[in-house]
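Containing CSV, N, CA and C atoms: start15.csv.
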```csv
chain,number,residue,atom,x,y,z
A,1,MET,N,80.8,148.7,7.9
A,1,MET,CA,81.0,149.5,9.1
A,1,MET,C,81.6,148.7,10.2
A,2,VAL,N,82.6,149.2,10.9
A,2,VAL,CA,83.2,148.5,12.0
A,2,VAL,C,82.9,149.3,13.3
A,3,PHE,N,82.3,148.6,14.2
A,3,PHE,CA,81.9,149.3,15.5
A,3,PHE,C,82.9,148.8,16.5
A,4,ILE,N,83.4,149.8,17.3
A,4,ILE,CA,84.4,149.5,18.4
A,4,ILE,C,83.7,149.7,19.7
A,5,VAL,N,83.6,148.7,20.5
A,5,VAL,CA,83.0,148.8,21.8
A,5,VAL,C,84.0,148.4,22.9
A,6,ASP,N,84.6,149.5,23.5
A,6,ASP,CA,85.6,149.2,24.6
A,6,ASP,C,85.6,150.4,25.5
A,7,ASP,N,85.7,150.1,26.8
A,7,ASP,CA,85.6,151.1,27.8
A,7,ASP,C,86.9,151.9,28.0
A,8,GLU,N,88.0,151.4,27.5
A,8,GLU,CA,89.3,152.0,27.6
A,8,GLU,C,89.5,153.0,26.4
A,9,GLU,N,89.6,154.3,26.7
A,9,GLU,CA,89.8,155.3,25.7
A,9,GLU,C,91.0,155.1,24.8
A,10,SER,N,92.1,154.7,25.4
A,10,SER,CA,93.4,154.5,24.7
A,10,SER,C,93.2,153.3,23.6
A,11,VAL,N,92.5,152.3,24.0
A,11,VAL,CA,92.2,151.2,23.1
A,11,VAL,C,91.3,151.6,22.0
A,12,ARG,N,90.3,152.4,22.3
A,12,ARG,CA,89.4,152.9,21.2
A,12,ARG,C,90.1,153.7,20.2
A,13,LYS,N,91.0,154.7,20.8
A,13,LYS,CA,91.7,155.5,19.9
A,13,LYS,C,92.7,154.7,19.0
A,14,GLY,N,93.4,153.8,19.6
A,14,GLY,CA,94.3,152.9,18.8
A,14,GLY,C,93.6,152.2,17.7
A,15,PHE,N,92.4,151.6,18.0
A,15,PHE,CA,91.7,150.9,17.0
A,15,PHE,C,91.2,151.8,15.9
A,16,CYS,N,90.7,153.0,16.3
A,16,CYS,CA,90.3,154.0,15.3
A,16,CYS,C,91.4,154.4,14.4
A,17,LEU,N,92.6,154.6,14.9
A,17,LEU,CA,93.8,154.9,14.1
A,17,LEU,C,94.1,153.8,13.1
A,18,LEU,N,94.0,152.6,13.6
A,18,LEU,CA,94.3,151.4,12.7
A,18,LEU,C,93.3,151.3,11.6
A,19,LEU,N,92.0,151.5,12.0
A,19,LEU,CA,90.9,151.3,10.9
A,19,LEU,C,91.0,152.5,9.9
A,20,ARG,N,91.3,153.7,10.4
A,20,ARG,CA,91.4,154.8,9.5
A,20,ARG,C,92.5,154.6,8.5
A,21,SER,N,93.7,154.1,9.0
A,21,SER,CA,94.8,153.8,8.1
A,21,SER,C,94.5,152.8,7.1
A,22,ALA,N,93.6,151.9,7.4
A,22,ALA,CA,93.2,150.8,6.5
A,22,ALA,C,92.0,151.2,5.6
A,23,GLY,N,91.5,152.5,5.8
A,23,GLY,CA,90.4,153.0,5.0
A,23,GLY,C,89.0,152.3,5.4
A,24,LEU,N,88.9,151.9,6.6
A,24,LEU,CA,87.6,151.2,7.0
A,24,LEU,C,86.8,152.2,7.8
A,25,PRO,N,85.5,152.3,7.4
A,25,PRO,CA,84.6,153.2,8.1
A,25,PRO,C,84.3,152.6,9.5
A,26,HIS,N,84.3,153.4,10.5
A,26,HIS,CA,84.1,152.9,11.9
A,26,HIS,C,83.5,153.9,12.8
A,27,ARG,N,82.9,153.4,13.9
A,27,ARG,CA,82.4,154.3,15.0
A,27,ARG,C,82.8,153.6,16.3
A,28,ALA,N,83.1,154.4,17.3
A,28,ALA,CA,83.6,153.9,18.6
A,28,ALA,C,82.6,154.3,19.7
A,29,PHE,N,82.5,153.3,20.6
A,29,PHE,CA,81.6,153.5,21.8
A,29,PHE,C,82.3,153.1,23.0
A,30,SER,N,82.0,153.8,24.1
A,30,SER,CA,82.7,153.6,25.4
A,30,SER,C,82.0,152.6,26.3
A,31,SER,N,80.8,152.2,25.8
A,31,SER,CA,80.1,151.1,26.6
A,31,SER,C,79.1,150.3,25.7
A,32,ALA,N,78.8,149.2,26.2
A,32,ALA,CA,77.9,148.3,25.5
A,32,ALA,C,76.5,149.0,25.5
A,33,LYS,N,76.1,149.6,26.6
A,33,LYS,CA,74.8,150.3,26.6
A,33,LYS,C,74.7,151.4,25.6
A,34,GLN,N,75.8,152.2,25.5
A,34,GLN,CA,75.8,153.3,24.5
A,34,GLN,C,75.6,152.7,23.1
A,35,PHE,N,76.4,151.6,22.8
A,35,PHE,CA,76.3,150.9,21.5
A,35,PHE,C,74.9,150.4,21.2
A,36,LEU,N,74.2,149.8,22.2
A,36,LEU,CA,72.9,149.3,22.0
A,36,LEU,C,71.9,150.4,21.8
A,37,ALA,N,72.1,151.6,22.4
A,37,ALA,CA,71.2,152.7,22.3
A,37,ALA,C,71.3,153.4,20.9
A,38,GLU,N,72.5,153.3,20.2
A,38,GLU,CA,72.7,154.0,19.0
A,38,GLU,C,72.8,153.2,17.7
A,39,VAL,N,73.0,151.9,17.8
A,39,VAL,CA,73.2,151.1,16.6
A,39,VAL,C,72.1,150.1,16.4
A,40,ASP,N,71.6,150.1,15.2
A,40,ASP,CA,70.6,149.1,14.8
A,40,ASP,C,71.3,147.7,14.6
A,41,PRO,N,70.9,146.7,15.4
A,41,PRO,CA,71.6,145.4,15.2
A,41,PRO,C,71.4,144.7,13.9
A,42,GLN,N,70.6,145.3,13.0
A,42,GLN,CA,70.4,144.7,11.7
A,42,GLN,C,71.3,145.4,10.7
A,43,GLU,N,72.1,146.3,11.2
A,43,GLU,CA,73.2,146.9,10.3
A,43,GLU,C,74.2,145.8,9.9
A,44,GLU,N,74.8,146.1,8.8
A,44,GLU,CA,75.9,145.1,8.4
A,44,GLU,C,77.2,145.6,8.8
A,45,GLY,N,78.1,144.7,9.0
A,45,GLY,CA,79.5,145.0,9.5
A,45,GLY,C,79.9,144.1,10.6
A,46,CYS,N,80.8,144.7,11.4
A,46,CYS,CA,81.3,143.9,12.5
A,46,CYS,C,81.5,144.7,13.7
A,47,VAL,N,81.6,144.1,14.9
A,47,VAL,CA,81.9,144.7,16.2
A,47,VAL,C,83.2,144.2,16.8
A,48,LEU,N,84.1,145.1,17.1
A,48,LEU,CA,85.3,144.8,17.9
A,48,LEU,C,84.8,145.0,19.3
A,49,LEU,N,84.7,143.9,20.0
A,49,LEU,CA,84.0,143.9,21.3
A,49,LEU,C,84.9,143.5,22.4
A,50,ASP,N,85.1,144.4,23.3
A,50,ASP,CA,85.9,144.1,24.6
A,50,ASP,C,85.0,143.3,25.5
A,51,ILE,N,85.6,142.2,26.0
A,51,ILE,CA,84.8,141.3,26.9
A,51,ILE,C,84.6,141.9,28.3
A,52,THR,N,85.6,142.5,28.9
A,52,THR,CA,85.5,143.0,30.2
A,52,THR,C,85.2,144.4,30.3
A,53,MET,N,83.9,144.8,30.5
A,53,MET,CA,83.5,146.1,30.7
A,53,MET,C,82.5,146.3,31.8
A,54,PRO,N,82.5,147.4,32.5
A,54,PRO,CA,81.5,147.6,33.6
A,54,PRO,C,80.1,147.7,33.1
A,55,GLN,N,79.1,147.5,33.9
A,55,GLN,CA,77.7,147.5,33.7
A,55,GLN,C,77.2,146.4,32.8
A,56,LEU,N,77.6,146.4,31.5
A,56,LEU,CA,77.2,145.3,30.6
A,56,LEU,C,78.4,144.8,29.9
A,57,THR,N,78.8,143.6,30.2
A,57,THR,CA,80.0,143.0,29.6
A,57,THR,C,79.9,142.7,28.1
A,58,GLY,N,81.0,142.4,27.5
A,58,GLY,CA,80.9,142.0,26.1
A,58,GLY,C,80.2,140.7,25.9
A,59,LEU,N,80.3,139.8,26.8
A,59,LEU,CA,79.5,138.5,26.7
A,59,LEU,C,78.0,138.8,26.8
A,60,GLU,N,77.7,139.7,27.7
A,60,GLU,CA,76.2,140.0,27.9
A,60,GLU,C,75.7,140.8,26.6
A,61,LEU,N,76.6,141.6,26.0
A,61,LEU,CA,76.2,142.3,24.8
A,61,LEU,C,76.0,141.3,23.7
A,62,GLN,N,76.9,140.3,23.6
A,62,GLN,CA,76.7,139.2,22.6
A,62,GLN,C,75.4,138.5,22.8
A,63,LYS,N,75.0,138.2,24.0
A,63,LYS,CA,73.7,137.5,24.3
A,63,LYS,C,72.6,138.4,23.8
A,64,GLU,N,72.6,139.7,24.1
A,64,GLU,CA,71.6,140.7,23.7
A,64,GLU,C,71.5,140.8,22.1
A,65,LEU,N,72.7,140.8,21.5
A,65,LEU,CA,72.7,140.9,20.0
A,65,LEU,C,72.0,139.6,19.4
A,66,ASN,N,72.3,138.5,20.0
A,66,ASN,CA,71.7,137.2,19.6
A,66,ASN,C,70.2,137.2,19.7
A,67,GLN,N,69.7,137.8,20.9
A,67,GLN,CA,68.3,137.9,21.1
A,67,GLN,C,67.6,138.8,20.1
A,68,ARG,N,68.4,139.8,19.7
A,68,ARG,CA,67.8,140.8,18.7
A,68,ARG,C,68.1,140.3,17.2
A,69,LYS,N,68.6,139.1,17.1
A,69,LYS,CA,68.9,138.5,15.8
A,69,LYS,C,69.8,139.4,14.9
A,70,SER,N,70.8,139.9,15.6
A,70,SER,CA,71.7,140.8,14.9
A,70,SER,C,72.4,140.2,13.7
A,71,ARG,N,72.7,141.0,12.7
A,71,ARG,CA,73.5,140.6,11.5
A,71,ARG,C,74.9,140.9,11.7
A,72,LEU,N,75.3,141.6,12.7
A,72,LEU,CA,76.7,142.1,12.9
A,72,LEU,C,77.6,140.9,13.3
A,73,ARG,N,78.7,140.8,12.7
A,73,ARG,CA,79.7,139.8,13.1
A,73,ARG,C,80.5,140.3,14.3
A,74,VAL,N,80.8,139.5,15.2
A,74,VAL,CA,81.5,139.9,16.4
A,74,VAL,C,83.0,139.4,16.4
A,75,ILE,N,83.9,140.3,16.7
A,75,ILE,CA,85.3,139.9,17.0
A,75,ILE,C,85.5,140.3,18.4
A,76,ALA,N,85.7,139.3,19.3
A,76,ALA,CA,85.8,139.5,20.7
A,76,ALA,C,87.3,139.7,21.0
A,77,ILE,N,87.5,140.7,22.0
A,77,ILE,CA,88.9,141.0,22.4
A,77,ILE,C,88.9,141.1,23.9
A,78,SER,N,89.9,140.6,24.5
A,78,SER,CA,90.0,140.6,26.0
A,78,SER,C,91.4,140.6,26.5
A,79,ALA,N,91.6,141.3,27.6
A,79,ALA,CA,92.9,141.3,28.3
A,79,ALA,C,93.0,140.1,29.2
A,80,ARG,N,91.9,139.4,29.4
A,80,ARG,CA,91.8,138.2,30.2
A,80,ARG,C,92.5,137.1,29.5
A,81,ASP,N,93.4,136.4,30.2
A,81,ASP,CA,94.2,135.3,29.6
A,81,ASP,C,93.7,133.9,30.1
A,82,ASP,N,92.4,133.6,29.8
A,82,ASP,CA,91.9,132.3,30.2
A,82,ASP,C,91.1,131.7,29.0
A,83,ALA,N,91.3,130.4,28.8
A,83,ALA,CA,90.7,129.8,27.6
A,83,ALA,C,89.1,129.8,27.7
A,84,ASP,N,88.6,129.8,28.9
A,84,ASP,CA,87.1,129.8,29.0
A,84,ASP,C,86.4,131.0,28.4
A,85,THR,N,87.1,132.1,28.5
A,85,THR,CA,86.5,133.4,28.0
A,85,THR,C,86.4,133.3,26.5
A,86,GLY,N,87.4,132.8,25.8
A,86,GLY,CA,87.4,132.7,24.4
A,86,GLY,C,86.4,131.6,23.9
A,87,ILE,N,86.3,130.5,24.7
A,87,ILE,CA,85.4,129.5,24.3
A,87,ILE,C,83.9,130.0,24.4
A,88,LEU,N,83.6,130.7,25.5
A,88,LEU,CA,82.3,131.2,25.7
A,88,LEU,C,82.0,132.3,24.6
A,89,ALA,N,82.9,133.1,24.3
A,89,ALA,CA,82.7,134.2,23.3
A,89,ALA,C,82.4,133.5,21.9
A,90,ARG,N,83.1,132.4,21.6
A,90,ARG,CA,82.8,131.7,20.3
A,90,ARG,C,81.5,131.0,20.4
A,91,GLN,N,81.1,130.4,21.5
A,91,GLN,CA,79.8,129.7,21.7
A,91,GLN,C,78.7,130.7,21.5
A,92,LEU,N,78.9,132.0,21.8
A,92,LEU,CA,77.9,133.0,21.7
A,92,LEU,C,77.9,133.6,20.3
A,93,GLY,N,78.8,133.1,19.4
A,93,GLY,CA,78.8,133.5,18.0
A,93,GLY,C,80.0,134.4,17.5
A,94,ALA,N,81.0,134.7,18.4
A,94,ALA,CA,82.1,135.5,17.9
A,94,ALA,C,82.8,134.7,16.8
A,95,GLN,N,83.2,135.5,15.8
A,95,GLN,CA,83.9,134.9,14.7
A,95,GLN,C,85.4,134.7,15.0
A,96,PHE,N,85.9,135.6,15.9
A,96,PHE,CA,87.3,135.5,16.3
A,96,PHE,C,87.4,135.9,17.7
A,97,PHE,N,88.5,135.5,18.4
A,97,PHE,CA,88.8,135.9,19.7
A,97,PHE,C,90.2,136.2,19.8
A,98,PHE,N,90.5,137.5,20.2
A,98,PHE,CA,91.9,137.9,20.3
A,98,PHE,C,92.2,138.3,21.8
A,99,ARG,N,93.4,138.1,22.2
A,99,ARG,CA,93.9,138.6,23.5
A,99,ARG,C,94.6,139.9,23.3
A,100,LYS,N,94.4,140.9,24.2
A,100,LYS,CA,95.2,142.1,24.1
A,100,LYS,C,96.6,141.9,24.6
A,101,PRO,N,97.6,142.5,24.0
A,101,PRO,CA,97.5,143.4,22.9
A,101,PRO,C,97.3,142.6,21.6
A,102,VAL,N,96.6,143.2,20.7
A,102,VAL,CA,96.2,142.5,19.4
A,102,VAL,C,97.2,142.9,18.3
A,103,ASP,N,97.6,141.9,17.6
A,103,ASP,CA,98.4,142.1,16.4
A,103,ASP,C,97.6,142.8,15.3
A,104,ASP,N,98.1,144.0,14.9
A,104,ASP,CA,97.3,144.8,14.0
A,104,ASP,C,96.9,144.1,12.7
A,105,GLN,N,97.9,143.4,12.0
A,105,GLN,CA,97.6,142.8,10.8
A,105,GLN,C,96.6,141.6,11.0
A,106,ALA,N,96.7,140.9,12.0
A,106,ALA,CA,95.8,139.8,12.3
A,106,ALA,C,94.4,140.3,12.5
A,107,LEU,N,94.3,141.4,13.2
A,107,LEU,CA,93.0,142.0,13.5
A,107,LEU,C,92.4,142.5,12.2
A,108,LEU,N,93.2,143.2,11.3
A,108,LEU,CA,92.7,143.7,10.1
A,108,LEU,C,92.2,142.5,9.2
A,109,ASP,N,93.0,141.5,9.2
A,109,ASP,CA,92.6,140.3,8.4
A,109,ASP,C,91.2,139.7,8.9
A,110,ALA,N,91.1,139.7,10.2
A,110,ALA,CA,89.8,139.2,10.7
A,110,ALA,C,88.6,140.1,10.4
A,111,ILE,N,88.9,141.4,10.4
A,111,ILE,CA,87.8,142.4,10.1
A,111,ILE,C,87.5,142.2,8.6
A,112,TRP,N,88.4,142.2,7.7
A,112,TRP,CA,88.1,142.0,6.3
A,112,TRP,C,87.3,140.8,6.1
A,113,TRP,N,87.7,139.7,6.7
A,113,TRP,CA,87.0,138.4,6.6
A,113,TRP,C,85.6,138.6,7.1
A,114,ALA,N,85.4,139.2,8.3
A,114,ALA,CA,84.1,139.3,8.8
A,114,ALA,C,83.2,140.2,8.0
A,115,VAL,N,83.7,141.3,7.5
A,115,VAL,CA,83.0,142.2,6.7
A,115,VAL,C,82.6,141.6,5.3
A,116,SER,N,83.5,140.9,4.7
A,116,SER,CA,83.2,140.3,3.4
A,116,SER,C,82.2,139.1,3.6
A,117,GLY,N,82.4,138.4,4.7
A,117,GLY,CA,81.5,137.3,5.0
A,117,GLY,C,80.1,137.8,5.3
A,118,ALA,N,79.9,138.9,5.9
A,118,ALA,CA,78.6,139.5,6.1
A,118,ALA,C,77.9,139.9,4.8
A,119,LYS,N,78.7,140.4,3.9
A,119,LYS,CA,78.1,140.8,2.6
A,119,LYS,C,77.7,139.5,1.8
A,120,ASN,N,78.5,138.4,2.0
A,120,ASN,CA,78.1,137.2,1.2
A,120,ASN,C,76.9,136.5,1.8
A,121,MET,N,76.5,136.9,3.0
A,121,MET,CA,75.3,136.3,3.6
A,121,MET,C,74.0,136.8,3.0
A,122,GLU,N,74.0,137.9,2.2
A,122,GLU,CA,72.8,138.5,1.7
A,122,GLU,C,72.1,137.5,0.8
```
Would you mind writing the structure in this file as structure tokens?
Amino acid sequence: MVFIVDDEESVRKGFCLLLRSAGLPHRAFSSAKQFLAEVDPQEEGCVLLDITMPQLTGLELQKELNQRKSRLRVIAISARDDADTGILARQLGAQFFFRKPVDDQALLDAIWWAVSGAKNME
């Protein structure tokens, strides 16, 4: 399962279309709080996680997932163009960090790697 967490509706819709075209099961959330309320962090799969969101940021969500010993792999995505954001996301455990706009094929490759890597961890 691929979880999309992004406060921008157009981004969520775009990612949903991309994942649907690739045959990947997915669910989209408009906030980190909604995601935490509805998803068990022990589920397998990955999270496409926007870094800059109101209330609870993507980095704060990563910290929370770490505290909950989540098995979900994180692919961080941000419109911010600074190296520190990517470094911090990786330090918190993100497998990949992409800047928006994201290349579709590169994102799909990262998702396939993350999903297959999660299965190999069993």
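Reported to one decimal place, the separation of atom C of Gly86 (chain A) from CA of Asp104 (chain A) is 19.8 Å.
Residues with any atom within 12 Å of the point (74.4, 148.1, 10.2), counting only C-alpha atoms, are Met1, Val2, Phe3, Pro25, His26, Arg27, Phe35, Leu36, Glu38, Val39, Asp40, Pro41, Gln42, Glu43, Glu44, Gly45, Cys46, Val47, Ser70, Arg71, Leu72, Arg73, Val115, Ala118 and Lys119 of chain A.
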Selection export as a PDB file, in the frame of the given file, atoms kept: N, CA and C atoms:
```
ATOM      1  N   MET A   1      80.800 148.700   7.900  1.00  0.00           N
ATOM      2  CA  MET A   1      81.000 149.500   9.100  1.00  0.00           C
ATOM      3  C   MET A   1      81.600 148.700  10.200  1.00  0.00           C
ATOM      4  N   VAL A   2      82.600 149.200  10.900  1.00  0.00           N
ATOM      5  CA  VAL A   2      83.200 148.500  12.000  1.00  0.00           C
ATOM      6  C   VAL A   2      82.900 149.300  13.300  1.00  0.00           C
ATOM      7  N   PHE A   3      82.300 148.600  14.200  1.00  0.00           N
ATOM      8  CA  PHE A   3      81.900 149.300  15.500  1.00  0.00           C
ATOM      9  C   PHE A   3      82.900 148.800  16.500  1.00  0.00           C
ATOM     10  N   PRO A  25      85.500 152.300   7.400  1.00  0.00           N
ATOM     11  CA  PRO A  25      84.600 153.200   8.100  1.00  0.00           C
ATOM     12  C   PRO A  25      84.300 152.600   9.500  1.00  0.00           C
ATOM     13  N   HIS A  26      84.300 153.400  10.500  1.00  0.00           N
ATOM     14  CA  HIS A  26      84.100 152.900  11.900  1.00  0.00           C
ATOM     15  C   HIS A  26      83.500 153.900  12.800  1.00  0.00           C
ATOM     16  N   ARG A  27      82.900 153.400  13.900  1.00  0.00           N
ATOM     17  CA  ARG A  27      82.400 154.300  15.000  1.00  0.00           C
ATOM     18  C   ARG A  27      82.800 153.600  16.300  1.00  0.00           C
ATOM     19  N   PHE A  35      76.400 151.600  22.800  1.00  0.00           N
ATOM     20  CA  PHE A  35      76.300 150.900  21.500  1.00  0.00           C
ATOM     21  C   PHE A  35      74.900 150.400  21.200  1.00  0.00           C
ATOM     22  N   LEU A  36      74.200 149.800  22.200  1.00  0.00           N
ATOM     23  CA  LEU A  36      72.900 149.300  22.000  1.00  0.00           C
ATOM     24  C   LEU A  36      71.900 150.400  21.800  1.00  0.00           C
ATOM     25  N   GLU A  38      72.500 153.300  20.200  1.00  0.00           N
ATOM     26  CA  GLU A  38      72.700 154.000  19.000  1.00  0.00           C
ATOM     27  C   GLU A  38      72.800 153.200  17.700  1.00  0.00           C
ATOM     28  N   VAL A  39      73.000 151.900  17.800  1.00  0.00           N
ATOM     29  CA  VAL A  39      73.200 151.100  16.600  1.00  0.00           C
ATOM     30  C   VAL A  39      72.100 150.100  16.400  1.00  0.00           C
ATOM     31  N   ASP A  40      71.600 150.100  15.200  1.00  0.00           N
ATOM     32  CA  ASP A  40      70.600 149.100  14.800  1.00  0.00           C
ATOM     33  C   ASP A  40      71.300 147.700  14.600  1.00  0.00           C
ATOM     34  N   PRO A  41      70.900 146.700  15.400  1.00  0.00           N
ATOM     35  CA  PRO A  41      71.600 145.400  15.200  1.00  0.00           C
ATOM     36  C   PRO A  41      71.400 144.700  13.900  1.00  0.00           C
ATOM     37  N   GLN A  42      70.600 145.300  13.000  1.00  0.00           N
ATOM     38  CA  GLN A  42      70.400 144.700  11.700  1.00  0.00           C
ATOM     39  C   GLN A  42      71.300 145.400  10.700  1.00  0.00           C
ATOM     40  N   GLU A  43      72.100 146.300  11.200  1.00  0.00           N
ATOM     41  CA  GLU A  43      73.200 146.900  10.300  1.00  0.00           C
ATOM     42  C   GLU A  43      74.200 145.800   9.900  1.00  0.00           C
ATOM     43  N   GLU A  44      74.800 146.100   8.800  1.00  0.00           N
ATOM     44  CA  GLU A  44      75.900 145.100   8.400  1.00  0.00           C
ATOM     45  C   GLU A  44      77.200 145.600   8.800  1.00  0.00           C
ATOM     46  N   GLY A  45      78.100 144.700   9.000  1.00  0.00           N
ATOM     47  CA  GLY A  45      79.500 145.000   9.500  1.00  0.00           C
ATOM     48  C   GLY A  45      79.900 144.100  10.600  1.00  0.00           C
ATOM     49  N   CYS A  46      80.800 144.700  11.400  1.00  0.00           N
ATOM     50  CA  CYS A  46      81.300 143.900  12.500  1.00  0.00           C
ATOM     51  C   CYS A  46      81.500 144.700  13.700  1.00  0.00           C
ATOM     52  N   VAL A  47      81.600 144.100  14.900  1.00  0.00           N
ATOM     53  CA  VAL A  47      81.900 144.700  16.200  1.00  0.00           C
ATOM     54  C   VAL A  47      83.200 144.200  16.800  1.00  0.00           C
ATOM     55  N   SER A  70      70.800 139.900  15.600  1.00  0.00           N
ATOM     56  CA  SER A  70      71.700 140.800  14.900  1.00  0.00           C
ATOM     57  C   SER A  70      72.400 140.200  13.700  1.00  0.00           C
ATOM     58  N   ARG A  71      72.700 141.000  12.700  1.00  0.00           N
ATOM     59  CA  ARG A  71      73.500 140.600  11.500  1.00  0.00           C
ATOM     60  C   ARG A  71      74.900 140.900  11.700  1.00  0.00           C
ATOM     61  N   LEU A  72      75.300 141.600  12.700  1.00  0.00           N
ATOM     62  CA  LEU A  72      76.700 142.100  12.900  1.00  0.00           C
ATOM     63  C   LEU A  72      77.600 140.900  13.300  1.00  0.00           C
ATOM     64  N   ARG A  73      78.700 140.800  12.700  1.00  0.00           N
ATOM     65  CA  ARG A  73      79.700 139.800  13.100  1.00  0.00           C
ATOM     66  C   ARG A  73      80.500 140.300  14.300  1.00  0.00           C
ATOM     67  N   VAL A 115      83.700 141.300   7.500  1.00  0.00           N
ATOM     68  CA  VAL A 115      83.000 142.200   6.700  1.00  0.00           C
ATOM     69  C   VAL A 115      82.600 141.600   5.300  1.00  0.00           C
ATOM     70  N   ALA A 118      79.900 138.900   5.900  1.00  0.00           N
ATOM     71  CA  ALA A 118      78.600 139.500   6.100  1.00  0.00           C
ATOM     72  C   ALA A 118      77.900 139.900   4.800  1.00  0.00           C
ATOM     73  N   LYS A 119      78.700 140.400   3.900  1.00  0.00           N
ATOM     74  CA  LYS A 119      78.100 140.800   2.600  1.00  0.00           C
ATOM     75  C   LYS A 119      77.700 139.500   1.800  1.00  0.00           C
TER      76      LYS A 119
END
```
As an MDAnalysis selection string, please: every residue in chain A that DSSP puts in helix (DSSP H, G or I).
chainID A and resid 9:21 32:38 58:67 83:91 104:120
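The coordinates place CA of Leu61 (chain A) at 14.7 Å from atom C of Phe96 (chain A).
Interatomic distance, CA of Gln105 (chain A) against CA of Lys13 (chain A): 16.7 Å.
Of the residues under consideration (A:Leu49, A:Ile87, A:Ala79, A:Ala28), A:Ala28 shows the shortest atom-to-atom contact distance to Cys16 (chain A) when counting only N, CA and C atoms.
Nearest residue to Arg80 (chain A) among A:Leu108, A:Val11, A:Ile51, A:Ala37 is A:Ile51, counting only N, CA and C atoms.
With all atoms listed in the file as the atoms that count, the minimum distance from Leu92 (chain A) to the choices A:Leu107, A:Arg12, A:Trp112, A:Asn66 is reached by A:Asn66.
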